[in-house]
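Novice: One structure coming up, written as C-alpha cells, with questions to follow.
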Amino acid sequence: MFLVYQPEGQEEPTRWRYNPKKLMSVEREDLERRSGKNFSEFTTAVLQGNSLCRRALLFTYLRRDHPKTRFEDVDFAWDELTLEYSRQEWEQMREKVVETQHGDQLAASLVVIDKEIETAFDDVEEAGKAGLPIAD
C-alpha cells in the first residue's frame, strides 16, 4: 500500500510505501501519542479515514525527508492525500475473491478489481510480499 500526497500545484505525487510493520518504534510511539490510539487501532483508523491519524502518518513520512518539519505545519485538503493499493495487492485480493465468491457477486467484484489493477502502481520491489496494511 502507498501513502500518496499531491498538494495543489505539485505536478507529480509523492508516493511512500506504507507498511505499518516496517515503521520504527520511535515513529510508532509518536503516532500513538499524536493520535491517542494504540498502534493497532491507529493502523485501522488510517484505513477507515481518520483525519488525525492520516495527518500524523503524513507528518511521519514528510519528516523523514525534511527533519525540521513541524506537525503544526502539516495541513492538507482531503483530496490531496490518498491510500492506494499496489497492483500486487489488488492481484492478491482478486485471488481471494475468486476463492470466496460465486455467481453475480464474483462477477461484480472482478469488474471492480480488474479496473483497479489496470491503473494501480506496480510495486516491483514488493512483488509477492503484499500484506494487509494493519498491525496486529
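By order in the C-alpha cells, chains are A, B, ...; within a chain, residues start at 1; ligands start at 1, following the order shown.
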If you count only C-alpha atoms, which residues fall within 9 Å of segment 65-72 of chain A, apart from same-chain ones fewer than 5 positions away, as a VMD selection string?
Specialist: chain A and resid 55 to 56 59 to 60
Novice: Keeping only N, CA, C and O atoms, write those residues as a compact mmCIF listing (two decimals), in the first residue's frame.
Specialist:
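Everything below was put into part-v2.txt:
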# COMPACT_ATOMS: atom_id res chain seq x y z
N ARG A 55 -3.12 12.55 9.11
CA ARG A 55 -2.22 13.70 9.24
C ARG A 55 -0.94 13.30 9.96
O ARG A 55 0.17 13.66 9.55
N ALA A 56 -1.06 12.53 11.02
CA ALA A 56 0.11 12.06 11.77
C ALA A 56 0.98 11.17 10.89
O ALA A 56 2.22 11.26 10.94
N PHE A 59 2.79 13.36 8.41
CA PHE A 59 3.86 14.03 9.13
C PHE A 59 5.08 13.11 9.28
O PHE A 59 6.23 13.53 9.06
N THR A 60 4.84 11.86 9.62
CA THR A 60 5.93 10.90 9.79
C THR A 60 6.75 10.77 8.51
O THR A 60 7.99 10.82 8.54
Novice: Near Glu118 of chain A, within 12 Å and counting only C-alpha atoms, which residues show up once chain neighbours fewer than 2 positions away are dropped, as a list in words?
Specialist: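 Final neighbour list, sorted by chain and number: Tyr85, Ser86, Arg87, Gln88, Trp90, Glu91, Val111, Val112, Ile113, Asp114, Lys115, Glu116, Ala120, Phe121 and Asp122 of chain A.
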Novice: Residues of segment 56-110 of chain A that have any atom at most 8 Å from an atom of segment 3-23 of chain A: could you tabulate them with the shortest-distance atom pair and the distance in Å to one decimal, using only C-alpha atoms, ordered by chain and increasing number, as CSV?
Specialist:
residue,atom,partner,partner_atom,distance
A:Leu58,CA,A:Leu3,CA,7.8
A:Tyr61,CA,A:Trp16,CA,7.4
A:Phe76,CA,A:Pro7,CA,7.0
A:Ala77,CA,A:Pro7,CA,7.7
A:Glu80,CA,A:Gln6,CA,5.0
A:Leu81,CA,A:Tyr5,CA,4.6
A:Thr82,CA,A:Val4,CA,5.2
A:Leu83,CA,A:Leu3,CA,4.8
A:Glu84,CA,A:Leu3,CA,6.6
Novice: Once you have the residues from the selection above, write them out as an mmCIF file, in the first residue's frame, restricted to C-alpha atoms.
Specialist:
data_model
loop_
_atom_site.group_PDB
_atom_site.id
_atom_site.type_symbol
_atom_site.label_atom_id
_atom_site.label_comp_id
_atom_site.auth_asym_id
_atom_site.auth_seq_id
_atom_site.Cartn_x
_atom_site.Cartn_y
_atom_site.Cartn_z
ATOM 1 C CA LEU A 58 1.804 12.136 6.554
ATOM 2 C CA TYR A 61 6.793 10.479 6.124
ATOM 3 C CA PHE A 76 -3.762 19.122 3.519
ATOM 4 C CA ALA A 77 -7.012 19.104 1.615
ATOM 5 C CA GLU A 80 -4.517 15.697 -1.665
ATOM 6 C CA LEU A 81 -3.762 12.603 0.429
ATOM 7 C CA THR A 82 -4.804 9.092 -0.527
ATOM 8 C CA LEU A 83 -4.004 5.496 0.284
ATOM 9 C CA GLU A 84 -3.568 3.276 -2.762
#
Novice: Could you tell me which of A:Leu47, A:Leu62, A:Arg33, A:Gln105 comes closest to Met1 of chain A if we count only C-alpha atoms?
Specialist: A:Leu47
Novice: Between atom CA of Leu110 of chain A and atom CA of Lys96 of chain A, what is the distance, to one decimal in Å?
Specialist: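 Computing the Euclidean distance for atom CA of Leu110 of chain A and atom CA of Lys96 of chain A yields 10.8 Å.
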Novice: From a DSSP calculation on the backbone, collect every residue of chain A in strand (DSSP E or B) and output the set as a PDB file with C-alpha atoms, in the first residue's frame.
Specialist:
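Below is the file that was written, states_22.pdb:
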ATOM      1  CA  PHE A   2       1.146   3.530  -0.684  1.00  0.00           C
ATOM      2  CA  LEU A   3       0.535   6.845   1.015  1.00  0.00           C
ATOM      3  CA  VAL A   4       0.209   9.286  -1.876  1.00  0.00           C
ATOM      4  CA  TYR A   5       0.476  13.031  -1.343  1.00  0.00           C
ATOM      5  CA  THR A  14       4.920  11.926  -3.723  1.00  0.00           C
ATOM      6  CA  ARG A  15       4.486   8.232  -3.027  1.00  0.00           C
ATOM      7  CA  TRP A  16       5.672   6.390   0.078  1.00  0.00           C
ATOM      8  CA  ARG A  17       5.365   2.647   0.629  1.00  0.00           C
ATOM      9  CA  LEU A  81      -3.762  12.603   0.429  1.00  0.00           C
ATOM     10  CA  THR A  82      -4.804   9.092  -0.527  1.00  0.00           C
ATOM     11  CA  LEU A  83      -4.004   5.496   0.284  1.00  0.00           C
ATOM     12  CA  GLU A  84      -3.568   3.276  -2.762  1.00  0.00           C
TER      13      GLU A  84
END
Novice: Set the distance at 12 Å and use only C-alpha atoms: which residues neighbour Glu29 of chain A once local chain neighbours fewer than 3 positions away are removed? I'd like the list as a list of chain:residue names.
Specialist: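 Counting only the stated atoms, we get A:Leu23, A:Met24, A:Ser25, A:Val26, A:Glu32, A:Arg33, A:Arg34, A:Ser35, A:Gly36, A:Lys37, A:Asn38, A:Phe39, A:Ser40, A:Phe42, A:Ala56, A:Leu57, A:Thr60.
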Novice: Write out as a PyMOL selection string the set of residues from chain A that DSSP, computed on the backbone, places in alpha helix (DSSP H).
Specialist: chain A and resi 25-35+39-48+51-65+87-100+103-119
Novice: Measure the distance from atom CA of Thr100 of chain A to atom CA of Asp123 of chain A in Å and round it to one decimal.
Specialist: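 A separation of 25.4 Å between them.
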Novice: At what distance in Å, to one decimal, does atom CA of Ala108 of chain A lie from atom CA of Arg94 of chain A?
Specialist: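 Atom-to-atom, atom CA of Arg94 of chain A and atom CA of Ala108 of chain A are spaced 11.6 Å apart.
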